[in-house]
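Shown below: input_9.txt, with compact mmCIF, N, CA and C atoms.
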```txt
# COMPACT_ATOMS: atom_id res chain seq x y z
N PRO A 1189 13.35 -20.29 34.49
CA PRO A 1189 12.78 -21.59 34.15
C PRO A 1189 11.45 -21.43 33.40
N LYS A 1190 11.12 -22.44 32.62
CA LYS A 1190 9.90 -22.40 31.81
C LYS A 1190 8.63 -22.20 32.64
N HIS A 1191 8.55 -22.84 33.80
CA HIS A 1191 7.32 -22.70 34.59
C HIS A 1191 7.18 -21.28 35.14
N TYR A 1192 8.28 -20.60 35.44
CA TYR A 1192 8.21 -19.19 35.85
C TYR A 1192 7.78 -18.32 34.67
N GLN A 1193 8.30 -18.61 33.51
CA GLN A 1193 7.92 -17.86 32.32
C GLN A 1193 6.43 -17.99 32.06
N SER A 1194 5.92 -19.19 32.25
CA SER A 1194 4.49 -19.44 32.04
C SER A 1194 3.65 -18.64 33.03
N VAL A 1195 4.07 -18.60 34.28
CA VAL A 1195 3.33 -17.85 35.30
C VAL A 1195 3.36 -16.36 34.99
N ILE A 1196 4.50 -15.85 34.58
CA ILE A 1196 4.61 -14.42 34.24
C ILE A 1196 3.73 -14.11 33.03
N GLU A 1197 3.74 -14.99 32.05
CA GLU A 1197 2.90 -14.77 30.87
C GLU A 1197 1.42 -14.75 31.23
N MET A 1198 0.98 -15.69 32.04
CA MET A 1198 -0.43 -15.72 32.45
C MET A 1198 -0.80 -14.49 33.27
N ALA A 1199 0.07 -14.11 34.20
CA ALA A 1199 -0.21 -12.93 35.03
C ALA A 1199 -0.25 -11.67 34.17
N SER A 1200 0.63 -11.58 33.21
CA SER A 1200 0.64 -10.41 32.32
C SER A 1200 -0.63 -10.35 31.49
N ARG A 1201 -1.05 -11.48 30.97
CA ARG A 1201 -2.28 -11.53 30.17
C ARG A 1201 -3.49 -11.14 31.01
N ASP A 1202 -3.57 -11.69 32.21
CA ASP A 1202 -4.70 -11.37 33.09
C ASP A 1202 -4.70 -9.88 33.48
N THR A 1203 -3.53 -9.35 33.77
CA THR A 1203 -3.43 -7.94 34.14
C THR A 1203 -3.84 -7.05 32.98
N PHE A 1204 -3.38 -7.36 31.78
CA PHE A 1204 -3.75 -6.58 30.60
C PHE A 1204 -5.25 -6.59 30.40
N THR A 1205 -5.85 -7.75 30.50
CA THR A 1205 -7.30 -7.87 30.32
C THR A 1205 -8.05 -7.07 31.38
N TRP A 1206 -7.62 -7.18 32.62
CA TRP A 1206 -8.28 -6.46 33.71
C TRP A 1206 -8.14 -4.96 33.54
N VAL A 1207 -6.93 -4.48 33.26
CA VAL A 1207 -6.69 -3.05 33.17
C VAL A 1207 -7.44 -2.43 32.00
N THR A 1208 -7.36 -3.03 30.83
CA THR A 1208 -8.06 -2.45 29.69
C THR A 1208 -9.57 -2.50 29.89
N GLY A 1209 -10.06 -3.58 30.44
CA GLY A 1209 -11.50 -3.67 30.73
C GLY A 1209 -11.94 -2.63 31.74
N LYS A 1210 -11.15 -2.47 32.79
CA LYS A 1210 -11.50 -1.50 33.83
C LYS A 1210 -11.55 -0.10 33.25
N TYR A 1211 -10.54 0.28 32.51
CA TYR A 1211 -10.50 1.66 32.02
C TYR A 1211 -11.50 1.89 30.89
N ASP A 1212 -11.80 0.89 30.10
CA ASP A 1212 -12.86 1.03 29.12
C ASP A 1212 -14.20 1.23 29.82
N TYR A 1213 -14.33 0.68 31.01
CA TYR A 1213 -15.58 0.79 31.77
C TYR A 1213 -15.67 2.13 32.51
N VAL A 1214 -14.59 2.57 33.17
CA VAL A 1214 -14.67 3.77 34.01
C VAL A 1214 -14.42 5.07 33.25
N ASN A 1215 -13.73 5.04 32.12
CA ASN A 1215 -13.41 6.28 31.42
C ASN A 1215 -14.63 7.04 30.88
N PRO A 1216 -15.65 6.37 30.31
CA PRO A 1216 -16.80 7.14 29.83
C PRO A 1216 -17.49 7.95 30.93
N SER A 1217 -17.67 7.37 32.10
CA SER A 1217 -18.33 8.13 33.17
C SER A 1217 -17.41 9.23 33.70
N ALA A 1218 -16.11 9.00 33.72
CA ALA A 1218 -15.18 10.05 34.14
C ALA A 1218 -15.21 11.21 33.15
N LEU A 1219 -15.23 10.89 31.88
CA LEU A 1219 -15.30 11.94 30.86
C LEU A 1219 -16.60 12.72 30.98
N LYS A 1220 -17.68 12.03 31.23
CA LYS A 1220 -18.98 12.70 31.41
C LYS A 1220 -18.93 13.68 32.58
N ARG A 1221 -18.31 13.28 33.68
CA ARG A 1221 -18.19 14.17 34.84
C ARG A 1221 -17.37 15.42 34.47
N LEU A 1222 -16.32 15.24 33.71
CA LEU A 1222 -15.52 16.39 33.29
C LEU A 1222 -16.32 17.34 32.41
N LEU A 1223 -17.08 16.78 31.48
CA LEU A 1223 -17.89 17.62 30.58
C LEU A 1223 -18.98 18.37 31.35
N VAL A 1224 -19.63 17.69 32.28
CA VAL A 1224 -20.66 18.34 33.10
C VAL A 1224 -20.04 19.47 33.91
N ALA A 1225 -18.80 19.31 34.33
CA ALA A 1225 -18.12 20.35 35.11
C ALA A 1225 -17.59 21.49 34.24
N GLY A 1226 -17.78 21.38 32.92
CA GLY A 1226 -17.40 22.48 32.05
C GLY A 1226 -16.18 22.27 31.19
N ALA A 1227 -15.59 21.10 31.25
CA ALA A 1227 -14.42 20.83 30.40
C ALA A 1227 -14.82 20.88 28.94
N VAL A 1228 -13.93 21.35 28.12
CA VAL A 1228 -14.15 21.42 26.68
C VAL A 1228 -13.14 20.49 26.02
N LEU A 1229 -13.64 19.59 25.19
CA LEU A 1229 -12.76 18.65 24.50
C LEU A 1229 -12.33 19.23 23.17
N ARG A 1230 -11.04 19.18 22.91
CA ARG A 1230 -10.49 19.61 21.64
C ARG A 1230 -9.38 18.65 21.25
N PRO A 1231 -9.30 18.33 19.98
CA PRO A 1231 -8.20 17.46 19.55
C PRO A 1231 -6.87 18.23 19.58
N PHE A 1232 -5.79 17.51 19.77
CA PHE A 1232 -4.48 18.14 19.66
C PHE A 1232 -4.28 18.62 18.23
N PRO A 1233 -3.64 19.76 18.04
CA PRO A 1233 -3.33 20.19 16.67
C PRO A 1233 -2.40 19.19 15.98
N GLN A 1234 -2.54 19.07 14.69
CA GLN A 1234 -1.73 18.13 13.91
C GLN A 1234 -0.24 18.35 14.15
N GLU A 1235 0.19 19.63 14.23
CA GLU A 1235 1.62 19.91 14.42
C GLU A 1235 2.12 19.37 15.76
N VAL A 1236 1.28 19.45 16.79
CA VAL A 1236 1.65 18.95 18.11
C VAL A 1236 1.77 17.43 18.05
N LEU A 1237 0.80 16.78 17.44
CA LEU A 1237 0.85 15.32 17.33
C LEU A 1237 2.09 14.87 16.56
N GLU A 1238 2.40 15.56 15.47
CA GLU A 1238 3.58 15.19 14.68
C GLU A 1238 4.87 15.42 15.46
N ALA A 1239 4.95 16.51 16.21
CA ALA A 1239 6.14 16.78 17.01
C ALA A 1239 6.32 15.71 18.09
N CYS A 1240 5.22 15.31 18.72
CA CYS A 1240 5.29 14.25 19.74
C CYS A 1240 5.71 12.92 19.11
N TYR A 1241 5.15 12.61 17.97
CA TYR A 1241 5.48 11.38 17.25
C TYR A 1241 6.97 11.35 16.91
N ASN A 1242 7.46 12.45 16.36
CA ASN A 1242 8.87 12.51 15.97
C ASN A 1242 9.79 12.44 17.19
N ALA A 1243 9.43 13.13 18.26
CA ALA A 1243 10.24 13.09 19.48
C ALA A 1243 10.27 11.67 20.06
N ALA A 1244 9.12 11.02 20.09
CA ALA A 1244 9.07 9.65 20.61
C ALA A 1244 9.94 8.72 19.77
N ASN A 1245 9.86 8.85 18.45
CA ASN A 1245 10.67 7.99 17.60
C ASN A 1245 12.17 8.24 17.76
N GLU A 1246 12.55 9.47 18.04
CA GLU A 1246 13.96 9.76 18.34
C GLU A 1246 14.40 9.06 19.62
N ILE A 1247 13.55 9.12 20.63
CA ILE A 1247 13.86 8.44 21.89
C ILE A 1247 13.96 6.94 21.67
N TYR A 1248 13.01 6.37 20.92
CA TYR A 1248 13.03 4.94 20.66
C TYR A 1248 14.30 4.53 19.91
N ALA A 1249 14.73 5.35 18.97
CA ALA A 1249 15.95 5.06 18.20
C ALA A 1249 17.16 5.09 19.12
N ASP A 1250 17.23 6.08 20.00
CA ASP A 1250 18.35 6.17 20.94
C ASP A 1250 18.36 4.98 21.89
N LEU A 1251 17.20 4.65 22.43
CA LEU A 1251 17.10 3.51 23.35
C LEU A 1251 17.47 2.21 22.64
N SER A 1252 17.07 2.09 21.40
CA SER A 1252 17.38 0.87 20.64
C SER A 1252 18.88 0.69 20.45
N LYS A 1253 19.60 1.80 20.35
CA LYS A 1253 21.05 1.73 20.17
C LYS A 1253 21.78 1.32 21.46
N THR A 1254 21.21 1.69 22.60
CA THR A 1254 21.92 1.48 23.86
C THR A 1254 21.35 0.36 24.72
N ASN A 1255 20.17 -0.12 24.39
CA ASN A 1255 19.52 -1.13 25.23
C ASN A 1255 19.04 -2.28 24.36
N PRO A 1256 19.78 -3.40 24.36
CA PRO A 1256 19.41 -4.52 23.50
C PRO A 1256 18.02 -5.10 23.81
N HIS A 1257 17.62 -5.08 25.07
CA HIS A 1257 16.29 -5.59 25.42
C HIS A 1257 15.20 -4.70 24.84
N PHE A 1258 15.39 -3.39 24.95
CA PHE A 1258 14.42 -2.47 24.36
C PHE A 1258 14.39 -2.64 22.85
N ASN A 1259 15.56 -2.76 22.24
CA ASN A 1259 15.63 -2.93 20.79
C ASN A 1259 14.86 -4.16 20.33
N LYS A 1260 15.02 -5.26 21.04
CA LYS A 1260 14.31 -6.48 20.68
C LYS A 1260 12.80 -6.29 20.79
N MET A 1261 12.37 -5.68 21.88
CA MET A 1261 10.94 -5.45 22.09
C MET A 1261 10.40 -4.48 21.05
N TYR A 1262 11.11 -3.39 20.83
CA TYR A 1262 10.61 -2.36 19.92
C TYR A 1262 10.59 -2.85 18.47
N THR A 1263 11.57 -3.63 18.09
CA THR A 1263 11.59 -4.21 16.75
C THR A 1263 10.36 -5.09 16.53
N SER A 1264 10.06 -5.91 17.53
CA SER A 1264 8.89 -6.78 17.46
C SER A 1264 7.60 -5.95 17.41
N LEU A 1265 7.50 -4.96 18.27
CA LEU A 1265 6.30 -4.10 18.31
C LEU A 1265 6.12 -3.37 16.98
N SER A 1266 7.19 -2.83 16.44
CA SER A 1266 7.11 -2.09 15.17
C SER A 1266 6.64 -3.00 14.04
N ALA A 1267 7.17 -4.21 14.00
CA ALA A 1267 6.74 -5.16 12.96
C ALA A 1267 5.25 -5.47 13.11
N PHE A 1268 4.81 -5.69 14.34
CA PHE A 1268 3.39 -5.97 14.58
C PHE A 1268 2.53 -4.80 14.14
N ARG A 1269 2.90 -3.59 14.52
CA ARG A 1269 2.11 -2.42 14.14
C ARG A 1269 2.03 -2.28 12.62
N ASN A 1270 3.15 -2.48 11.95
CA ASN A 1270 3.15 -2.37 10.50
C ASN A 1270 2.26 -3.43 9.86
N GLU A 1271 2.30 -4.64 10.38
CA GLU A 1271 1.48 -5.73 9.84
C GLU A 1271 0.00 -5.56 10.15
N SER A 1272 -0.31 -4.94 11.27
CA SER A 1272 -1.71 -4.85 11.69
C SER A 1272 -2.40 -3.57 11.21
N LEU A 1273 -1.67 -2.65 10.62
CA LEU A 1273 -2.25 -1.37 10.23
C LEU A 1273 -3.43 -1.53 9.28
N ALA A 1274 -3.29 -2.37 8.26
CA ALA A 1274 -4.38 -2.54 7.29
C ALA A 1274 -5.64 -3.06 8.00
N TRP A 1275 -5.46 -4.03 8.89
CA TRP A 1275 -6.62 -4.57 9.62
C TRP A 1275 -7.27 -3.49 10.48
N MET A 1276 -6.46 -2.72 11.18
CA MET A 1276 -7.01 -1.68 12.05
C MET A 1276 -7.78 -0.64 11.23
N GLN A 1277 -7.29 -0.30 10.05
CA GLN A 1277 -7.99 0.67 9.22
C GLN A 1277 -9.33 0.13 8.74
N VAL A 1278 -9.36 -1.13 8.36
CA VAL A 1278 -10.58 -1.73 7.84
C VAL A 1278 -11.57 -2.04 8.95
N ALA A 1279 -11.10 -2.66 10.01
CA ALA A 1279 -12.00 -3.14 11.05
C ALA A 1279 -12.27 -2.09 12.13
N GLU A 1280 -11.26 -1.69 12.84
CA GLU A 1280 -11.46 -0.83 14.00
C GLU A 1280 -11.84 0.60 13.61
N LEU A 1281 -11.07 1.22 12.74
CA LEU A 1281 -11.34 2.61 12.35
C LEU A 1281 -12.69 2.73 11.66
N SER A 1282 -12.98 1.82 10.74
CA SER A 1282 -14.27 1.87 10.04
C SER A 1282 -15.43 1.71 11.00
N TYR A 1283 -15.32 0.77 11.90
CA TYR A 1283 -16.41 0.53 12.86
C TYR A 1283 -16.56 1.71 13.81
N ASP A 1284 -15.47 2.20 14.35
CA ASP A 1284 -15.56 3.34 15.27
C ASP A 1284 -16.17 4.55 14.58
N SER A 1285 -15.76 4.81 13.34
CA SER A 1285 -16.31 5.94 12.59
C SER A 1285 -17.80 5.74 12.34
N PHE A 1286 -18.19 4.53 11.97
CA PHE A 1286 -19.61 4.21 11.76
C PHE A 1286 -20.41 4.47 13.03
N MET A 1287 -19.92 3.98 14.16
CA MET A 1287 -20.65 4.14 15.42
C MET A 1287 -20.78 5.62 15.80
N MET A 1288 -19.76 6.41 15.54
CA MET A 1288 -19.86 7.84 15.83
C MET A 1288 -20.91 8.51 14.95
N ARG A 1289 -20.94 8.14 13.69
CA ARG A 1289 -21.95 8.71 12.78
C ARG A 1289 -23.35 8.29 13.22
N MET A 1290 -23.53 7.04 13.57
CA MET A 1290 -24.85 6.55 13.97
C MET A 1290 -25.30 7.23 15.27
N ARG A 1291 -24.38 7.47 16.15
CA ARG A 1291 -24.72 8.10 17.44
C ARG A 1291 -25.31 9.48 17.23
N THR A 1292 -24.84 10.20 16.23
CA THR A 1292 -25.36 11.55 16.00
C THR A 1292 -26.75 11.54 15.38
N ARG A 1293 -27.18 10.38 14.87
CA ARG A 1293 -28.51 10.26 14.25
C ARG A 1293 -29.60 9.96 15.24
N THR A 1294 -29.23 9.50 16.40
CA THR A 1294 -30.27 9.11 17.38
C THR A 1294 -30.37 10.08 18.51
```

The structure given in the file should be rewritten as structure tokens.
Amino acid sequence: PKHYQSVIEMASRDTFTWVTGKYDYVNPSALKRLLVAGAVLRPFPQEVLEACYNAANEIYADLSKTNPHFNKMYTSLSAFRNESLAWMQVAELSYDSFMMRMRTRT
């Protein structure tokens, strides 16, 4: 029923907001504790990232063939990602890169 759908949508939105906010808040201090304990941060090699990307896309393609619900969700998600890429490059990536550069100056 529509009223159940509305409740699920509101609960999902609230949960997403809470979870992302919580982890954006607690992750910096957790990372700091790891670094103080001697952890060394290194990016994944490009080949590893590409292999993971390709493997994930193979799984998504297989799931899309066998699971109509997944296919509907993934089709929608893929369209959104494709449409939002230009915005993310201009707004988010540019700003994050700027902030990292500024941080090294102070």

Padding 6 Å on every side, please: axis-aligned box over the listed atoms of range 1217-1227 of chain A, centre and edge lengths to one decimal in Å, as AutoDock Vina command-line options.
```
--center_x -17.5 --center_y 14.9 --center_z 32.0 --size_x 18.2 --size_y 27.1 --size_z 18.2
```

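CA of Ala1244 in chain A sits 26.9 Å away from CA of Ser1285 in chain A.
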
List every residue of range 1217-1250 of chain A that has an atom at most 12 Å from any atom of range 1202-1213 of chain A, giving for each one its closest atom pair and the distance in Å to one decimal, counting only C-alpha atoms, sorted by chain and then by ascending residue number, as a Markdown table.
```
| residue | atom | partner | partner_atom | distance |
| --- | --- | --- | --- | --- |
| A:Ser1217 | CA | A:Tyr1213 | CA | 8.0 |
| A:Ala1218 | CA | A:Tyr1213 | CA | 9.6 |
| A:Leu1219 | CA | A:Tyr1213 | CA | 11.2 |
```

Using the chain letters and numbers from this document, which residues of chain A does DSSP assign to alpha helix (DSSP H), as a PyMOL selection string? chain A and resi 1190-1224+1234-1254+1256-1275+1282-1293

Can you measure CA of Ser1264 in chain A to CA of Ser1200 in chain A for me? One decimal in Å is fine. 17.4 Å

Atom C of Tyr1248 in chain A to atom N of Val1236 in chain A: how many Å, to one decimal? 20.0 Å

Min atom-atom distance to Leu1251 in chain A from the set A:Thr1263, A:Leu1222, A:Arg1293, A:Met1276, counting only C-alpha atoms, belongs to A:Thr1263

Export range 1250-1292 of chain A from the structure block above, keeping N, CA and C atoms, as a tab-separated table (two decimals), in the first residue's frame.
```tsv
chain	number	residue	atom	x	y	z
A	1250	ASP	N	25.61	-10.40	-14.89
A	1250	ASP	CA	25.01	-11.70	-14.62
A	1250	ASP	C	23.75	-11.56	-13.78
A	1251	LEU	N	23.83	-10.76	-12.74
A	1251	LEU	CA	22.66	-10.54	-11.88
A	1251	LEU	C	21.51	-9.89	-12.66
A	1252	SER	N	21.85	-8.99	-13.54
A	1252	SER	CA	20.83	-8.31	-14.33
A	1252	SER	C	20.08	-9.28	-15.23
A	1253	LYS	N	20.77	-10.31	-15.69
A	1253	LYS	CA	20.14	-11.31	-16.56
A	1253	LYS	C	19.18	-12.23	-15.79
A	1254	THR	N	19.49	-12.48	-14.53
A	1254	THR	CA	18.73	-13.47	-13.77
A	1254	THR	C	17.78	-12.87	-12.73
A	1255	ASN	N	17.94	-11.60	-12.42
A	1255	ASN	CA	17.13	-10.99	-11.36
A	1255	ASN	C	16.52	-9.69	-11.87
A	1256	PRO	N	15.23	-9.73	-12.22
A	1256	PRO	CA	14.59	-8.53	-12.77
A	1256	PRO	C	14.60	-7.34	-11.81
A	1257	HIS	N	14.50	-7.59	-10.51
A	1257	HIS	CA	14.53	-6.48	-9.54
A	1257	HIS	C	15.91	-5.82	-9.53
A	1258	PHE	N	16.95	-6.64	-9.54
A	1258	PHE	CA	18.30	-6.09	-9.60
A	1258	PHE	C	18.50	-5.32	-10.89
A	1259	ASN	N	18.04	-5.88	-12.00
A	1259	ASN	CA	18.19	-5.23	-13.29
A	1259	ASN	C	17.53	-3.85	-13.30
A	1260	LYS	N	16.35	-3.76	-12.74
A	1260	LYS	CA	15.65	-2.48	-12.69
A	1260	LYS	C	16.43	-1.47	-11.86
A	1261	MET	N	16.90	-1.91	-10.70
A	1261	MET	CA	17.66	-1.02	-9.82
A	1261	MET	C	18.98	-0.62	-10.47
A	1262	TYR	N	19.69	-1.58	-11.03
A	1262	TYR	CA	21.00	-1.29	-11.59
A	1262	TYR	C	20.91	-0.41	-12.83
A	1263	THR	N	19.89	-0.61	-13.64
A	1263	THR	CA	19.67	0.24	-14.81
A	1263	THR	C	19.47	1.68	-14.38
A	1264	SER	N	18.65	1.87	-13.35
A	1264	SER	CA	18.40	3.21	-12.82
A	1264	SER	C	19.68	3.82	-12.24
A	1265	LEU	N	20.40	3.04	-11.46
A	1265	LEU	CA	21.64	3.53	-10.85
A	1265	LEU	C	22.66	3.90	-11.92
A	1266	SER	N	22.81	3.06	-12.93
A	1266	SER	CA	23.77	3.33	-14.00
A	1266	SER	C	23.43	4.61	-14.75
A	1267	ALA	N	22.16	4.81	-15.03
A	1267	ALA	CA	21.74	6.04	-15.71
A	1267	ALA	C	22.05	7.26	-14.84
A	1268	PHE	N	21.77	7.16	-13.55
A	1268	PHE	CA	22.07	8.27	-12.64
A	1268	PHE	C	23.56	8.56	-12.61
A	1269	ARG	N	24.38	7.53	-12.49
A	1269	ARG	CA	25.83	7.75	-12.44
A	1269	ARG	C	26.32	8.40	-13.73
A	1270	ASN	N	25.83	7.94	-14.86
A	1270	ASN	CA	26.25	8.52	-16.13
A	1270	ASN	C	25.84	9.99	-16.23
A	1271	GLU	N	24.64	10.30	-15.77
A	1271	GLU	CA	24.15	11.68	-15.83
A	1271	GLU	C	24.85	12.59	-14.84
A	1272	SER	N	25.28	12.05	-13.71
A	1272	SER	CA	25.85	12.89	-12.67
A	1272	SER	C	27.37	13.01	-12.76
A	1273	LEU	N	28.00	12.27	-13.65
A	1273	LEU	CA	29.46	12.27	-13.72
A	1273	LEU	C	30.03	13.67	-13.97
A	1274	ALA	N	29.47	14.41	-14.91
A	1274	ALA	CA	29.99	15.74	-15.21
A	1274	ALA	C	29.90	16.64	-13.97
A	1275	TRP	N	28.78	16.58	-13.27
A	1275	TRP	CA	28.63	17.40	-12.06
A	1275	TRP	C	29.66	17.00	-11.00
A	1276	MET	N	29.84	15.72	-10.80
A	1276	MET	CA	30.79	15.25	-9.79
A	1276	MET	C	32.21	15.70	-10.13
A	1277	GLN	N	32.57	15.69	-11.41
A	1277	GLN	CA	33.90	16.12	-11.80
A	1277	GLN	C	34.10	17.61	-11.55
A	1278	VAL	N	33.09	18.40	-11.85
A	1278	VAL	CA	33.20	19.85	-11.70
A	1278	VAL	C	33.09	20.26	-10.24
A	1279	ALA	N	32.11	19.73	-9.54
A	1279	ALA	CA	31.83	20.20	-8.18
A	1279	ALA	C	32.63	19.43	-7.13
A	1280	GLU	N	32.39	18.16	-7.01
A	1280	GLU	CA	32.98	17.39	-5.91
A	1280	GLU	C	34.48	17.17	-6.09
A	1281	LEU	N	34.89	16.66	-7.24
A	1281	LEU	CA	36.31	16.37	-7.46
A	1281	LEU	C	37.14	17.65	-7.39
A	1282	SER	N	36.67	18.71	-8.04
A	1282	SER	CA	37.42	19.97	-8.02
A	1282	SER	C	37.56	20.51	-6.60
A	1283	TYR	N	36.48	20.49	-5.86
A	1283	TYR	CA	36.51	21.01	-4.50
A	1283	TYR	C	37.39	20.15	-3.61
A	1284	ASP	N	37.25	18.84	-3.68
A	1284	ASP	CA	38.08	17.97	-2.85
A	1284	ASP	C	39.56	18.16	-3.17
A	1285	SER	N	39.89	18.26	-4.45
A	1285	SER	CA	41.28	18.47	-4.85
A	1285	SER	C	41.79	19.81	-4.33
A	1286	PHE	N	40.98	20.85	-4.44
A	1286	PHE	CA	41.34	22.17	-3.93
A	1286	PHE	C	41.62	22.10	-2.43
A	1287	MET	N	40.73	21.46	-1.68
A	1287	MET	CA	40.90	21.39	-0.23
A	1287	MET	C	42.17	20.63	0.15
A	1288	MET	N	42.49	19.58	-0.59
A	1288	MET	CA	43.72	18.85	-0.31
A	1288	MET	C	44.95	19.72	-0.57
A	1289	ARG	N	44.92	20.47	-1.65
A	1289	ARG	CA	46.05	21.37	-1.95
A	1289	ARG	C	46.18	22.44	-0.87
A	1290	MET	N	45.07	23.02	-0.47
A	1290	MET	CA	45.11	24.08	0.54
A	1290	MET	C	45.60	23.54	1.89
A	1291	ARG	N	45.23	22.33	2.20
A	1291	ARG	CA	45.63	21.73	3.47
A	1291	ARG	C	47.14	21.61	3.56
A	1292	THR	N	47.80	21.35	2.46
A	1292	THR	CA	49.26	21.20	2.49
A	1292	THR	C	49.97	22.54	2.64
```
